[in-house]
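S.K.: So here's upload26.cif, just mmCIF, C-alpha atoms and all ligand atoms:
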data_final
#
loop_
_atom_site.label_atom_id
_atom_site.label_comp_id
_atom_site.auth_asym_id
_atom_site.auth_seq_id
_atom_site.Cartn_x
_atom_site.Cartn_y
_atom_site.Cartn_z
CA MET A 1 -74.63 -19.05 115.10
CA MET A 2 -77.34 -16.66 116.24
CA SER A 3 -80.22 -17.55 118.54
CA TRP A 4 -83.72 -16.39 117.82
CA LEU A 5 -87.10 -16.81 119.47
CA VAL A 6 -90.16 -18.19 117.70
CA MET A 7 -93.30 -16.48 119.02
CA ARG A 8 -96.90 -17.44 118.46
CA VAL A 9 -99.09 -14.50 117.55
CA GLY A 10 -102.79 -13.78 117.42
CA ALA A 11 -104.33 -16.42 119.72
CA PRO A 12 -104.52 -17.14 123.48
CA GLU A 13 -102.53 -19.97 125.00
CA GLY A 14 -104.11 -23.35 124.25
CA ALA A 15 -105.83 -22.22 121.04
CA PRO A 16 -104.24 -22.89 117.66
CA PRO A 17 -101.89 -20.07 116.72
CA LEU A 18 -102.96 -17.72 113.97
CA GLY A 19 -99.44 -17.01 112.87
CA TRP A 20 -95.82 -17.01 113.85
CA THR A 21 -93.01 -14.59 113.98
CA ILE A 22 -89.33 -15.21 114.46
CA SER A 23 -87.51 -12.60 116.43
CA SER A 24 -84.26 -11.73 118.17
CA GLY A 25 -86.51 -10.88 121.12
CA ASP A 26 -86.79 -7.30 119.94
CA PRO A 27 -90.32 -6.74 118.61
CA LEU A 28 -88.96 -4.15 116.18
CA ASN A 29 -86.52 -6.56 114.65
CA THR A 30 -88.58 -9.47 113.43
CA LEU A 31 -87.66 -11.65 110.51
CA PRO A 32 -89.86 -13.77 108.27
CA LEU A 33 -89.84 -17.47 109.01
CA SER A 34 -87.70 -19.56 106.75
CA GLY A 35 -85.82 -22.84 106.42
CA ALA A 36 -85.14 -24.58 109.70
CA ALA A 37 -87.38 -22.14 111.53
CA ARG A 38 -90.57 -23.30 109.81
CA PRO A 39 -93.30 -23.57 112.50
CA ALA A 40 -94.58 -26.85 111.08
CA ALA A 41 -91.46 -28.42 112.56
CA ILE A 42 -92.49 -27.33 116.06
CA PRO A 43 -94.65 -29.91 117.91
CA GLY A 44 -98.12 -28.68 118.96
CA PRO A 45 -98.01 -28.89 122.80
CA ARG A 46 -94.93 -26.76 122.88
CA ASP A 47 -96.39 -23.91 120.89
CA ALA A 48 -97.61 -21.69 123.73
CA GLY A 49 -95.85 -18.47 124.69
CA ILE A 50 -92.34 -17.66 123.59
CA TRP A 51 -90.97 -21.12 122.92
CA PRO A 52 -88.88 -22.90 121.80
CA ARG A 53 -85.49 -21.32 121.40
CA ILE A 54 -84.34 -22.25 117.92
CA HIS A 55 -81.25 -21.55 115.93
CA TYR A 56 -81.44 -19.35 112.89
CA ILE A 57 -78.35 -19.77 110.76
CA PRO A 58 -77.78 -16.91 108.35
CA CYS A 59 -75.57 -17.80 105.40
CA MET A 60 -74.23 -14.76 103.59
CA SER A 61 -74.93 -11.49 105.35
CA ASN A 62 -77.20 -9.63 102.94
CA SER A 63 -79.07 -7.30 105.29
CA PHE A 64 -78.08 -4.06 106.97
CA GLY A 65 -79.75 -1.85 109.56
CA GLU A 66 -81.85 -2.30 112.67
CA TYR A 67 -84.87 0.03 112.55
CA LEU A 68 -84.60 0.47 108.78
CA ARG A 69 -83.41 -2.80 107.29
CA ILE A 70 -82.30 -3.32 103.72
CA THR A 71 -81.71 -6.69 102.11
CA THR A 72 -79.95 -6.66 98.75
CA TRP A 73 -79.96 -9.50 96.25
CA GLY A 74 -78.48 -10.39 92.87
CA GLU A 75 -75.06 -11.20 91.42
CA SER A 76 -72.80 -9.21 89.11
CA HIS A 77 -73.61 -11.09 85.92
CA GLY A 78 -77.05 -12.44 86.78
CA PRO A 79 -80.34 -11.07 85.39
CA GLY A 80 -80.61 -8.22 87.87
CA ILE A 81 -79.99 -6.67 91.26
CA GLY A 82 -82.51 -5.59 93.84
CA VAL A 83 -83.27 -4.41 97.33
CA VAL A 84 -86.05 -4.89 99.85
CA ILE A 85 -86.37 -1.98 102.29
CA ASP A 86 -88.27 -2.85 105.45
CA GLY A 87 -89.18 -0.47 108.26
CA LEU A 88 -90.05 2.51 106.07
CA PRO A 89 -92.91 4.51 107.56
CA ALA A 90 -96.03 4.86 105.42
CA GLY A 91 -96.46 8.08 103.46
CA VAL A 92 -92.87 8.72 102.32
CA PRO A 93 -93.00 10.16 98.79
CA VAL A 94 -90.88 8.03 96.43
CA SER A 95 -90.39 8.71 92.75
CA ILE A 96 -88.66 6.53 90.19
CA GLU A 97 -86.93 9.67 88.85
CA THR A 98 -85.24 10.37 92.21
CA ILE A 99 -83.96 6.80 92.47
CA ALA A 100 -82.86 6.82 88.81
CA ALA A 101 -80.96 10.10 89.29
CA ASP A 102 -78.81 8.62 92.08
CA LEU A 103 -78.31 5.39 90.13
CA ALA A 104 -77.08 7.41 87.15
CA ARG A 105 -74.29 8.82 89.31
CA ARG A 106 -73.07 5.29 90.18
CA ARG A 107 -73.56 3.85 86.70
CA PRO A 108 -70.53 2.66 84.70
CA GLY A 109 -69.54 4.45 81.47
CA GLY A 110 -67.47 7.45 80.41
CA ASP A 111 -63.76 7.87 80.00
CA LEU A 112 -62.86 7.16 83.62
CA ALA A 113 -65.01 4.08 84.21
CA SER A 114 -65.83 0.58 83.02
CA SER A 115 -67.51 0.46 79.60
CA ARG A 116 -70.27 -1.90 80.82
CA LYS A 117 -73.51 -0.27 79.62
CA GLU A 118 -76.27 -0.68 82.16
CA PRO A 119 -79.18 1.76 81.99
CA ASP A 120 -79.94 0.93 85.65
CA THR A 121 -83.65 1.58 85.29
CA PRO A 122 -85.32 0.92 88.66
CA ARG A 123 -88.71 -0.81 88.92
CA ILE A 124 -90.75 -0.78 92.10
CA LEU A 125 -92.39 -4.14 92.75
CA SER A 126 -94.13 -3.52 96.09
CA GLY A 127 -94.68 -1.11 98.94
CA LEU A 128 -95.77 1.95 96.95
CA LEU A 129 -99.12 3.35 95.89
CA ASP A 130 -99.93 6.80 94.46
CA GLY A 131 -96.26 7.76 94.84
CA LYS A 132 -96.17 7.14 98.61
CA THR A 133 -94.86 4.25 100.69
CA LEU A 134 -97.44 1.94 102.24
CA GLY A 135 -95.36 0.93 105.25
CA SER A 136 -94.94 -2.53 103.72
CA PRO A 137 -91.56 -3.68 102.31
CA LEU A 138 -90.49 -1.51 99.38
CA ALA A 139 -88.95 -3.81 96.76
CA ILE A 140 -86.87 -2.32 93.95
CA TRP A 141 -85.56 -4.30 90.98
CA ILE A 142 -82.82 -3.13 88.60
CA GLU A 143 -82.47 -5.29 85.51
CA SER A 144 -78.95 -6.05 84.20
CA ILE A 145 -78.99 -5.95 80.41
CA ASP A 146 -75.26 -5.87 79.66
CA ALA A 147 -74.11 -8.84 81.76
CA ARG A 148 -71.44 -10.94 80.03
CA PRO A 149 -70.88 -13.97 82.23
CA GLY A 150 -68.84 -15.66 79.45
CA ASP A 151 -66.09 -13.01 79.85
CA TYR A 152 -65.03 -14.80 83.02
CA ASP A 153 -64.79 -18.37 81.65
CA GLU A 154 -61.01 -18.26 81.25
CA MET A 155 -60.63 -17.08 84.85
CA ALA A 156 -63.01 -19.59 86.39
CA ASP A 157 -60.16 -21.75 87.67
CA LEU A 158 -57.78 -19.12 88.92
CA TYR A 159 -57.73 -16.78 91.87
CA ARG A 160 -57.58 -13.17 90.70
CA PRO A 161 -55.24 -11.10 92.92
CA GLY A 162 -57.12 -8.56 95.05
CA HIS A 163 -60.49 -10.23 94.40
CA ALA A 164 -62.64 -12.39 96.67
CA ASP A 165 -62.32 -15.55 94.50
CA PHE A 166 -60.06 -17.52 96.84
CA THR A 167 -61.66 -16.33 100.08
CA THR A 168 -65.23 -16.96 98.86
CA GLU A 169 -64.24 -20.51 97.93
CA ALA A 170 -62.55 -20.95 101.30
CA ARG A 171 -65.80 -19.86 102.98
CA TYR A 172 -68.50 -21.46 100.81
CA GLY A 173 -66.73 -24.10 98.72
CA HIS A 174 -68.59 -22.87 95.64
CA ARG A 175 -68.54 -19.40 94.10
CA ASP A 176 -70.17 -17.43 91.34
CA ARG A 177 -67.37 -17.30 88.76
CA ARG A 178 -69.28 -14.74 86.64
CA GLY A 179 -67.30 -11.70 87.83
CA GLY A 180 -67.28 -11.12 91.55
CA GLY A 181 -70.80 -12.48 92.24
CA ARG A 182 -71.98 -10.83 95.45
CA ALA A 183 -68.55 -9.24 96.06
CA SER A 184 -68.93 -7.20 92.87
CA ALA A 185 -69.73 -3.48 92.97
CA ARG A 186 -72.81 -4.27 90.86
CA GLU A 187 -74.52 -5.12 94.17
CA THR A 188 -74.08 -1.52 95.29
CA ALA A 189 -76.69 -0.33 92.73
CA ALA A 190 -79.25 -1.81 95.14
CA ARG A 191 -77.83 0.17 98.05
CA VAL A 192 -77.88 3.40 96.03
CA ALA A 193 -81.57 2.82 95.21
CA ALA A 194 -82.34 2.37 98.94
CA GLY A 195 -80.17 5.35 99.82
CA ALA A 196 -82.12 7.56 97.39
CA VAL A 197 -85.34 6.80 99.28
CA CYS A 198 -83.64 7.56 102.61
CA ARG A 199 -82.23 10.85 101.31
CA VAL A 200 -85.76 11.96 100.44
CA MET A 201 -86.89 11.18 104.00
CA LEU A 202 -83.98 13.03 105.59
CA ALA A 203 -84.38 16.07 103.34
CA ARG A 204 -88.12 16.26 103.79
CA GLU A 205 -88.25 15.80 107.54
CA TYR A 206 -85.10 17.66 108.68
CA GLY A 207 -83.73 19.45 105.63
CA ILE A 208 -80.68 17.17 105.79
CA GLU A 209 -78.41 17.35 102.77
CA ILE A 210 -75.81 14.68 102.04
CA VAL A 211 -72.93 15.55 99.71
CA GLY A 212 -70.09 13.21 98.76
CA TRP A 213 -67.04 14.00 96.66
CA VAL A 214 -63.70 12.61 95.54
CA ASP A 215 -61.32 14.15 98.03
CA GLU A 216 -58.02 12.56 97.09
CA VAL A 217 -56.57 10.49 94.25
CA ALA A 218 -53.06 9.06 94.44
CA GLY A 219 -51.98 11.67 97.00
CA ILE A 220 -53.58 14.70 95.25
CA ARG A 221 -55.95 16.19 97.88
CA ALA A 222 -58.79 18.58 97.11
CA ASP A 223 -58.92 20.39 100.46
CA VAL A 224 -62.67 20.99 100.63
CA ASP A 225 -64.67 22.49 103.52
CA PRO A 226 -67.38 19.91 104.44
CA ALA A 227 -69.63 22.72 105.69
CA LEU A 228 -69.66 24.47 102.29
CA VAL A 229 -69.18 21.88 99.52
CA GLU A 230 -72.02 21.78 96.98
CA SER A 231 -73.14 18.83 94.89
CA LYS A 232 -73.45 20.98 91.74
CA ASP A 233 -69.68 21.58 91.91
CA VAL A 234 -69.07 17.86 92.47
CA GLU A 235 -71.24 16.85 89.52
CA ALA A 236 -69.57 19.45 87.28
CA SER A 237 -66.37 17.38 87.45
CA ALA A 238 -65.95 14.09 85.56
CA VAL A 239 -63.93 12.77 88.47
CA ARG A 240 -66.41 14.19 91.05
CA CYS A 241 -63.88 16.48 92.71
CA PRO A 242 -65.40 19.95 93.34
CA VAL A 243 -62.08 21.84 93.06
CA PRO A 244 -61.49 22.35 89.30
CA ALA A 245 -57.67 22.53 89.39
CA ARG A 246 -57.39 19.37 91.53
CA SER A 247 -60.06 17.64 89.45
CA ALA A 248 -57.99 18.18 86.28
CA THR A 249 -54.83 16.75 87.89
CA MET A 250 -56.75 13.76 89.25
CA MET A 251 -58.19 13.04 85.80
CA GLU A 252 -54.75 13.15 84.22
CA LYS A 253 -53.39 10.77 86.86
CA ILE A 254 -56.25 8.30 86.30
CA GLN A 255 -55.89 8.43 82.52
CA THR A 256 -52.12 7.91 82.74
CA ALA A 257 -52.58 4.94 85.07
CA ARG A 258 -55.24 3.44 82.79
CA ASP A 259 -53.06 3.88 79.67
CA ALA A 260 -50.23 2.13 81.49
CA GLY A 261 -52.58 -0.79 82.27
CA ASP A 262 -52.65 0.17 85.94
CA SER A 263 -55.13 1.57 88.47
CA LEU A 264 -55.32 4.12 91.32
CA GLY A 265 -57.00 4.54 94.71
CA GLY A 266 -57.72 7.45 97.04
CA TRP A 267 -60.36 8.90 99.35
CA VAL A 268 -64.04 9.79 99.00
CA ALA A 269 -65.41 12.24 101.58
CA VAL A 270 -69.03 12.70 102.63
CA THR A 271 -70.88 15.23 104.74
CA ALA A 272 -74.45 15.28 106.09
CA ARG A 273 -75.57 18.80 106.98
CA GLY A 274 -78.63 19.53 109.11
CA VAL A 275 -78.54 16.38 111.28
CA PRO A 276 -80.03 17.34 114.67
CA ALA A 277 -78.12 16.77 117.91
CA GLY A 278 -78.96 13.50 119.66
CA TRP A 279 -78.93 10.72 117.06
CA GLY A 280 -76.89 7.58 117.74
CA ASP A 281 -76.78 5.13 120.62
CA PRO A 282 -74.04 3.96 122.92
CA VAL A 283 -72.33 1.56 122.92
CA PHE A 284 -72.56 -0.46 119.70
CA ALA A 285 -74.97 1.68 117.69
CA LYS A 286 -72.92 4.84 117.68
CA VAL A 287 -73.29 6.72 114.43
CA LYS A 288 -69.52 6.47 114.01
CA SER A 289 -69.42 2.70 114.53
CA LEU A 290 -72.41 2.12 112.21
CA LEU A 291 -70.77 4.37 109.63
CA GLY A 292 -67.60 2.30 109.97
CA ALA A 293 -69.49 -0.91 109.23
CA ALA A 294 -71.57 0.68 106.46
CA LEU A 295 -68.73 2.38 104.62
CA LEU A 296 -66.23 -0.44 104.98
CA SER A 297 -68.79 -2.86 103.50
CA ILE A 298 -68.39 -1.07 100.14
CA PRO A 299 -66.19 -3.14 97.78
CA ALA A 300 -62.57 -1.91 97.67
CA ALA A 301 -63.03 0.27 100.80
CA VAL A 302 -59.95 -0.13 102.98
CA ALA A 303 -60.08 2.71 105.53
CA ILE A 304 -62.41 5.17 107.23
CA GLU A 305 -61.64 8.48 108.88
CA ILE A 306 -64.25 10.21 111.08
CA GLY A 307 -63.97 14.00 110.79
CA ASP A 308 -60.38 15.09 110.99
CA GLY A 309 -59.44 11.86 112.77
CA ILE A 310 -56.12 11.01 111.16
CA ALA A 311 -54.67 14.50 111.74
CA ALA A 312 -56.11 14.38 115.29
CA THR A 313 -53.84 11.47 116.15
CA SER A 314 -50.80 13.76 116.00
CA ARG A 315 -52.32 16.88 117.65
CA CYS A 316 -52.43 17.95 121.31
CA GLY A 317 -55.83 17.97 123.03
CA SER A 318 -55.66 21.76 123.25
CA GLU A 319 -55.39 21.92 119.44
CA ASN A 320 -57.95 19.27 118.71
CA ASN A 321 -60.96 19.85 120.99
CA ASP A 322 -64.05 21.40 119.41
CA VAL A 323 -65.04 24.28 121.70
CA PHE A 324 -68.77 24.78 122.42
CA ILE A 325 -70.12 28.27 121.87
CA SER A 326 -73.53 29.95 121.79
CA ASP A 327 -75.14 30.03 118.37
CA GLY A 328 -76.58 33.47 119.19
CA ALA A 329 -80.16 32.16 119.10
CA GLY A 330 -80.29 30.39 122.45
CA GLY A 331 -78.71 27.20 121.17
CA ILE A 332 -75.30 25.56 121.35
CA CYS A 333 -72.88 24.99 118.50
CA GLN A 334 -69.16 24.36 118.06
CA GLN A 335 -66.36 26.68 117.04
CA SER A 336 -64.81 23.90 114.92
CA ASN A 337 -65.89 20.45 113.76
CA ARG A 338 -62.80 18.24 113.83
CA SER A 339 -64.79 15.47 115.53
CA GLY A 340 -66.96 14.92 112.44
CA GLY A 341 -70.25 16.06 114.00
CA MET A 342 -70.29 13.50 116.82
CA GLN A 343 -69.13 13.01 120.36
CA GLY A 344 -69.53 9.58 121.91
CA GLY A 345 -70.96 8.48 118.57
CA ILE A 346 -74.01 10.75 119.13
CA THR A 347 -74.60 13.60 116.71
CA SER A 348 -73.83 17.12 117.93
CA GLY A 349 -75.84 19.15 115.42
CA GLU A 350 -72.69 19.96 113.41
CA PRO A 351 -72.26 18.34 109.96
CA VAL A 352 -71.51 14.61 110.21
CA TRP A 353 -68.51 14.02 108.00
CA ALA A 354 -66.16 11.18 107.20
CA ARG A 355 -63.70 9.96 104.57
CA VAL A 356 -63.48 6.49 103.06
CA GLY A 357 -60.21 5.18 101.65
CA PHE A 358 -60.39 3.00 98.52
CA LYS A 359 -57.61 0.76 97.24
CA PRO A 360 -56.56 0.84 93.57
CA THR A 361 -58.80 -1.35 91.39
CA SER A 362 -57.63 -4.95 91.58
CA THR A 363 -58.14 -5.85 87.91
CA ILE A 364 -55.35 -4.27 85.86
CA ALA A 365 -54.35 -4.75 82.23
CA THR A 366 -50.86 -5.83 83.27
CA SER A 367 -49.64 -9.37 83.66
CA GLN A 368 -49.66 -10.68 87.24
CA LYS A 369 -48.72 -14.05 88.68
CA THR A 370 -51.31 -16.04 90.61
CA LEU A 371 -52.35 -19.61 91.41
CA ASN A 372 -55.11 -21.75 89.96
CA ARG A 373 -57.34 -24.20 91.83
CA SER A 374 -54.72 -26.94 91.47
CA GLY A 375 -52.12 -24.71 93.10
CA GLU A 376 -50.19 -24.20 89.86
CA GLU A 377 -48.63 -20.84 89.13
CA VAL A 378 -50.29 -19.07 86.19
CA GLU A 379 -49.95 -15.67 84.49
CA PHE A 380 -53.06 -13.55 84.47
CA GLU A 381 -53.85 -10.25 82.76
CA GLY A 382 -57.13 -8.44 83.30
CA ARG A 383 -59.15 -7.83 80.17
CA GLY A 384 -62.49 -6.29 79.46
CA ARG A 385 -64.52 -3.72 81.29
CA HIS A 386 -62.98 -2.33 84.45
CA ASP A 387 -62.77 0.97 86.31
CA PRO A 388 -59.19 2.32 86.40
CA CYS A 389 -60.19 4.10 89.64
CA VAL A 390 -63.39 3.27 91.51
CA LEU A 391 -63.69 6.63 93.29
CA PRO A 392 -65.90 8.70 90.92
CA ARG A 393 -68.54 5.93 90.92
CA ALA A 394 -68.15 5.30 94.65
CA VAL A 395 -69.39 8.79 95.63
CA ALA A 396 -73.09 7.86 95.21
CA ILE A 397 -72.54 4.62 97.17
CA VAL A 398 -70.86 6.43 100.08
CA GLU A 399 -73.73 8.95 100.19
CA ALA A 400 -76.26 6.10 100.18
CA MET A 401 -74.60 4.31 103.10
CA MET A 402 -74.51 7.59 105.08
CA ALA A 403 -78.26 8.04 104.40
CA LEU A 404 -79.08 4.48 105.50
CA VAL A 405 -77.22 4.87 108.80
CA LEU A 406 -78.84 8.23 109.53
CA VAL A 407 -82.39 7.04 108.81
CA ASP A 408 -81.78 3.97 110.97
CA ARG A 409 -80.74 6.14 113.94
CA MET A 410 -83.48 8.69 113.21
CA LEU A 411 -86.04 5.89 113.60
CA ALA A 412 -84.22 4.58 116.71
CA ARG A 413 -84.43 8.07 118.24
CA ARG A 414 -88.17 8.15 117.52
CA ALA A 415 -88.72 4.67 118.94
CA THR A 416 -87.04 5.49 122.24
CA PRO A 417 -87.24 9.26 122.86
CA PRO A 418 -86.21 10.77 126.18
CA ALA A 419 -89.12 11.46 128.56
CA SER A 420 -89.07 15.11 127.54
CA GLY A 421 -89.80 14.07 123.94
C1 LIG B 1 -67.89 1.61 92.24
C2 LIG B 1 -66.94 0.45 92.27
C3 LIG B 1 -66.52 -0.09 91.07
C4 LIG B 1 -65.61 -1.15 91.06
N1 LIG B 1 -65.17 -1.63 89.85
C5 LIG B 1 -64.20 -2.58 89.83
C6 LIG B 1 -63.67 -3.01 88.58
O1 LIG B 1 -64.05 -2.54 87.52
N2 LIG B 1 -62.69 -3.96 88.61
C7 LIG B 1 -62.22 -4.49 89.80
O2 LIG B 1 -61.33 -5.31 89.76
N3 LIG B 1 -62.73 -4.11 90.98
C8 LIG B 1 -63.71 -3.16 91.03
N4 LIG B 1 -64.21 -2.77 92.25
C9 LIG B 1 -63.72 -3.36 93.48
C10 LIG B 1 -64.03 -4.84 93.65
O3 LIG B 1 -65.40 -5.09 93.58
C11 LIG B 1 -63.45 -5.33 94.99
O4 LIG B 1 -62.14 -4.90 95.14
C12 LIG B 1 -63.45 -6.84 95.09
O5 LIG B 1 -64.76 -7.34 95.02
C13 LIG B 1 -62.79 -7.36 96.35
O6 LIG B 1 -63.36 -6.80 97.50
P1 LIG B 1 -62.48 -5.95 98.53
O7 LIG B 1 -61.61 -5.03 97.72
O8 LIG B 1 -63.49 -5.20 99.33
O9 LIG B 1 -61.65 -6.90 99.35
C14 LIG B 1 -65.13 -1.70 92.29
C15 LIG B 1 -65.59 -1.16 93.50
C16 LIG B 1 -66.47 -0.08 93.49
C17 LIG B 1 -66.93 0.51 94.79
#
Would you encode the structure as structure tokens?
Ligand SMILES: Cc1cc2nc3c(=O)[nH]c(=O)nc-3n(C[C@H](O)[C@H](O)[C@H](O)COP(=O)(O)O)c2cc1C
M.R.:
Amino acid sequence: MMSWLVMRVGAPEGAPPLGWTISSGDPLNTLPLSGAARPAAIPGPRDAGIWPRIHYIPCMSNSFGEYLRITTWGESHGPGIGVVIDGLPAGVPVSIETIAADLARRRPGGDLASSRKEPDTPRILSGLLDGKTLGSPLAIWIESIDARPGDYDEMADLYRPGHADFTTEARYGHRDRRGGGRASARETAARVAAGAVCRVMLAREYGIEIVGWVDEVAGIRADVDPALVESKDVEASAVRCPVPARSATMMEKIQTARDAGDSLGGWVAVTARGVPAGWGDPVFAKVKSLLGAALLSIPAAVAIEIGDGIAATSRCGSENNDVFISDGAGGICQQSNRSGGMQGGITSGEPVWARVGFKPTSTIATSQKTLNRSGEEVEFEGRGRHDPCVLPRAVAIVEAMMALVLVDRMLARRATPPASG
């Protein structure tokens, strides 16, 4: 349970309040009043100042970010998916085409993905005028036109292995049986839409470029330099691996697994180039810890590696340290970037880079044993529209989560700059 403060706003003590805000105590992190926090429930004489302390009980956790906060909504086989982005400064140029282009890279379809056909056309419902943000919440809606909730009727009573059916019921007692509900990757369309807006901000204000790619499938690794990888090479590959020879082998592996009724996992890598030194905040808002939370919240994500972190665990310090050198123009840079562009979770000015491990897709066209709600053993075989490997579609989601974390810390840096500016 979280505690929040209800604050009266807009009138001196003794006078009737003009409005209310509910807050964690941080004026930059206010939430709209809802449910149990309704001010009508607060007796009049107690309404002065910051009082009373009330309990705000979030149910599912649908929001992410502190200075830039997104809230996503919608279920896999409902009428649509959407996002509300709050904290965006006024004046950010936003175009439907930019959002649609990123959504197209996450969209299902093609030989290596689910055959669900969603055009993923974004509609902006608020927060934008004349192509620029107003500073008010930017709400984006993506209609689902190829939902087939009936496909899941025969599975409504059983717990699909690797899915969140059993655990969601254990938590909430009632679950959306139409696909994965909120656990489904359909929800991530909303994050990609928000990420597209953030990428525009980062590119415009700092020239930051975020590139993600499929780095490894079933043990086949691309070996890509995060400082040089280009998105045109990523997008030239159906599997989104920028190294053509590796891309071809990965595709073969995925097709073979799919034909055998099976699935594969691997790693998606992401780099953000041009991030200035000095973003990120000790101790719990380090860029690396926020990235951990952001990237591991993606469905099927099972691991994260910051920079060259896994190899670092078996090196000596003398082999692993990134040595500082002069950049030749009066600044400081590093001779290597094994630490993923951060020390102490604060950006160093080198590219911020990380890898996210994804498990093989849970739904497979092979018979598996499981239990139903009555605890009886049943046979279950996945049918219908599923990705044999989630990685090619996950690239846009990983990039979006990187963008959200960076904009959040960019705004934090602006809100509390050092005295020197
Ligand atoms: C882009 C993307 C597409 C996915 N597609 C599928 C799919 O077609 N079938 C499936 O079983 N799981 C798919 N998943 C993964 C499930 O949503 C996820 O494994 C499940 O909800 C359980 O969550 P967890 O793996 O995080 O524990 C996909 C994940 C991503 C990121």
S.K.: Calculate how many Å separate atom CA of Ser326 of chain A from atom CA of Pro417 of chain A, rounding to one decimal.
M.R.: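 Calculated distance between atom CA of Ser326 of chain A and atom CA of Pro417 of chain A is 24.8 Å.
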S.K.: Report, in Å with one decimal, the straight-line distance from atom O9 of ligand LIG 1 (chain B) to atom CA of Leu138 of chain A.
M.R.: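 Rounded to one decimal, the two atoms are 29.3 Å apart.
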S.K.: Wanna dump the chain A-ligand LIG 1 (chain B) contacts at 10 Å for me, each residue with its shortest atom pair and the distance in Å to one decimal, counting only C-alpha atoms and all ligand atoms, ordered by chain and number, as a tab-separated table?
M.R.:
residue	atom	partner	partner_atom	distance
A:Ser76	CA	B:LIG1	O3	9.6
A:Arg106	CA	B:LIG1	C1	6.7
A:Arg107	CA	B:LIG1	C1	8.2
A:Pro108	CA	B:LIG1	C3	8.0
A:Ala113	CA	B:LIG1	O1	7.5
A:Ser114	CA	B:LIG1	O1	5.8
A:Ser115	CA	B:LIG1	O1	9.1
A:Arg116	CA	B:LIG1	O1	9.2
A:Arg160	CA	B:LIG1	O2	8.8
A:Pro161	CA	B:LIG1	O2	9.0
A:Gly162	CA	B:LIG1	C13	5.9
A:His163	CA	B:LIG1	C13	4.2
A:Ala164	CA	B:LIG1	C13	5.0
A:Asp165	CA	B:LIG1	C13	8.4
A:Thr167	CA	B:LIG1	O9	9.5
A:Gly179	CA	B:LIG1	O5	8.8
A:Gly180	CA	B:LIG1	O5	5.7
A:Gly181	CA	B:LIG1	O5	8.4
A:Arg182	CA	B:LIG1	O5	8.0
A:Ala183	CA	B:LIG1	O5	4.4
A:Ser184	CA	B:LIG1	O3	4.2
A:Ala185	CA	B:LIG1	O3	4.7
A:Arg186	CA	B:LIG1	C3	7.6
A:Glu187	CA	B:LIG1	O3	9.1
A:Thr188	CA	B:LIG1	C17	7.4
A:Ala189	CA	B:LIG1	C1	9.0
A:Ser263	CA	B:LIG1	O2	9.4
A:Leu296	CA	B:LIG1	O8	7.9
A:Ser297	CA	B:LIG1	O8	7.1
A:Ile298	CA	B:LIG1	C17	5.8
A:Pro299	CA	B:LIG1	O8	3.7
A:Ala300	CA	B:LIG1	O7	3.3
A:Ala301	CA	B:LIG1	O8	5.7
A:Val302	CA	B:LIG1	O8	7.2
A:Phe358	CA	B:LIG1	C17	7.9
A:Lys359	CA	B:LIG1	O7	7.1
A:Pro360	CA	B:LIG1	O4	8.2
A:Thr361	CA	B:LIG1	N3	4.8
A:Ser362	CA	B:LIG1	O2	4.1
A:Thr363	CA	B:LIG1	O2	3.7
A:Ile364	CA	B:LIG1	O2	7.2
A:Gly382	CA	B:LIG1	O2	8.3
A:Arg383	CA	B:LIG1	N2	9.9
A:Gly384	CA	B:LIG1	O1	9.0
A:Arg385	CA	B:LIG1	O1	6.4
A:His386	CA	B:LIG1	O1	3.3
A:Asp387	CA	B:LIG1	O1	3.9
A:Pro388	CA	B:LIG1	O1	7.0
A:Cys389	CA	B:LIG1	N1	7.6
A:Val390	CA	B:LIG1	C2	4.6
A:Leu391	CA	B:LIG1	C1	6.6
A:Pro392	CA	B:LIG1	C1	7.5
A:Arg393	CA	B:LIG1	C1	4.6
A:Ala394	CA	B:LIG1	C1	4.4
A:Val395	CA	B:LIG1	C1	8.1
A:Ala396	CA	B:LIG1	C1	8.7
A:Ile397	CA	B:LIG1	C17	7.4
A:Val398	CA	B:LIG1	C17	8.9
S.K.: If I take atom CA of Ala248 of chain A and atom CA of Pro226 of chain A, how far is one from the other in Å, to one decimal?
M.R.: 20.5 Å
S.K.: Please list as a list in words every residue within 10 Å of Cys333 of chain A, counting all atoms listed in the file and excluding residues in the same chain fewer than 4 positions away.
M.R.: Ala277, Asp322, Val323, Phe324, Ile325, Ser326, Asp327, Gly328, Asn337, Ser348, Gly349 and Glu350 of chain A
S.K.: What's around Leu128 of chain A at 10 Å? Count only C-alpha atoms, leave out sequence neighbours fewer than 2 positions away in its own chain, and write the answer as a ChimeraX atom specification.
M.R.: /A:90-95,124-126,130-139
S.K.: Quick one: write out the picked residues with C-alpha atoms as a short mmCIF file (atom, residue, chain, number, x, y, z; two decimals), in the frame of the given file?
M.R.:
data_model
loop_
_atom_site.label_atom_id
_atom_site.label_comp_id
_atom_site.auth_asym_id
_atom_site.auth_seq_id
_atom_site.Cartn_x
_atom_site.Cartn_y
_atom_site.Cartn_z
CA ALA A 90 -96.03 4.86 105.42
CA GLY A 91 -96.46 8.08 103.46
CA VAL A 92 -92.87 8.72 102.32
CA PRO A 93 -93.00 10.16 98.79
CA VAL A 94 -90.88 8.03 96.43
CA SER A 95 -90.39 8.71 92.75
CA ILE A 124 -90.75 -0.78 92.10
CA LEU A 125 -92.39 -4.14 92.75
CA SER A 126 -94.13 -3.52 96.09
CA ASP A 130 -99.93 6.80 94.46
CA GLY A 131 -96.26 7.76 94.84
CA LYS A 132 -96.17 7.14 98.61
CA THR A 133 -94.86 4.25 100.69
CA LEU A 134 -97.44 1.94 102.24
CA GLY A 135 -95.36 0.93 105.25
CA SER A 136 -94.94 -2.53 103.72
CA PRO A 137 -91.56 -3.68 102.31
CA LEU A 138 -90.49 -1.51 99.38
CA ALA A 139 -88.95 -3.81 96.76
#
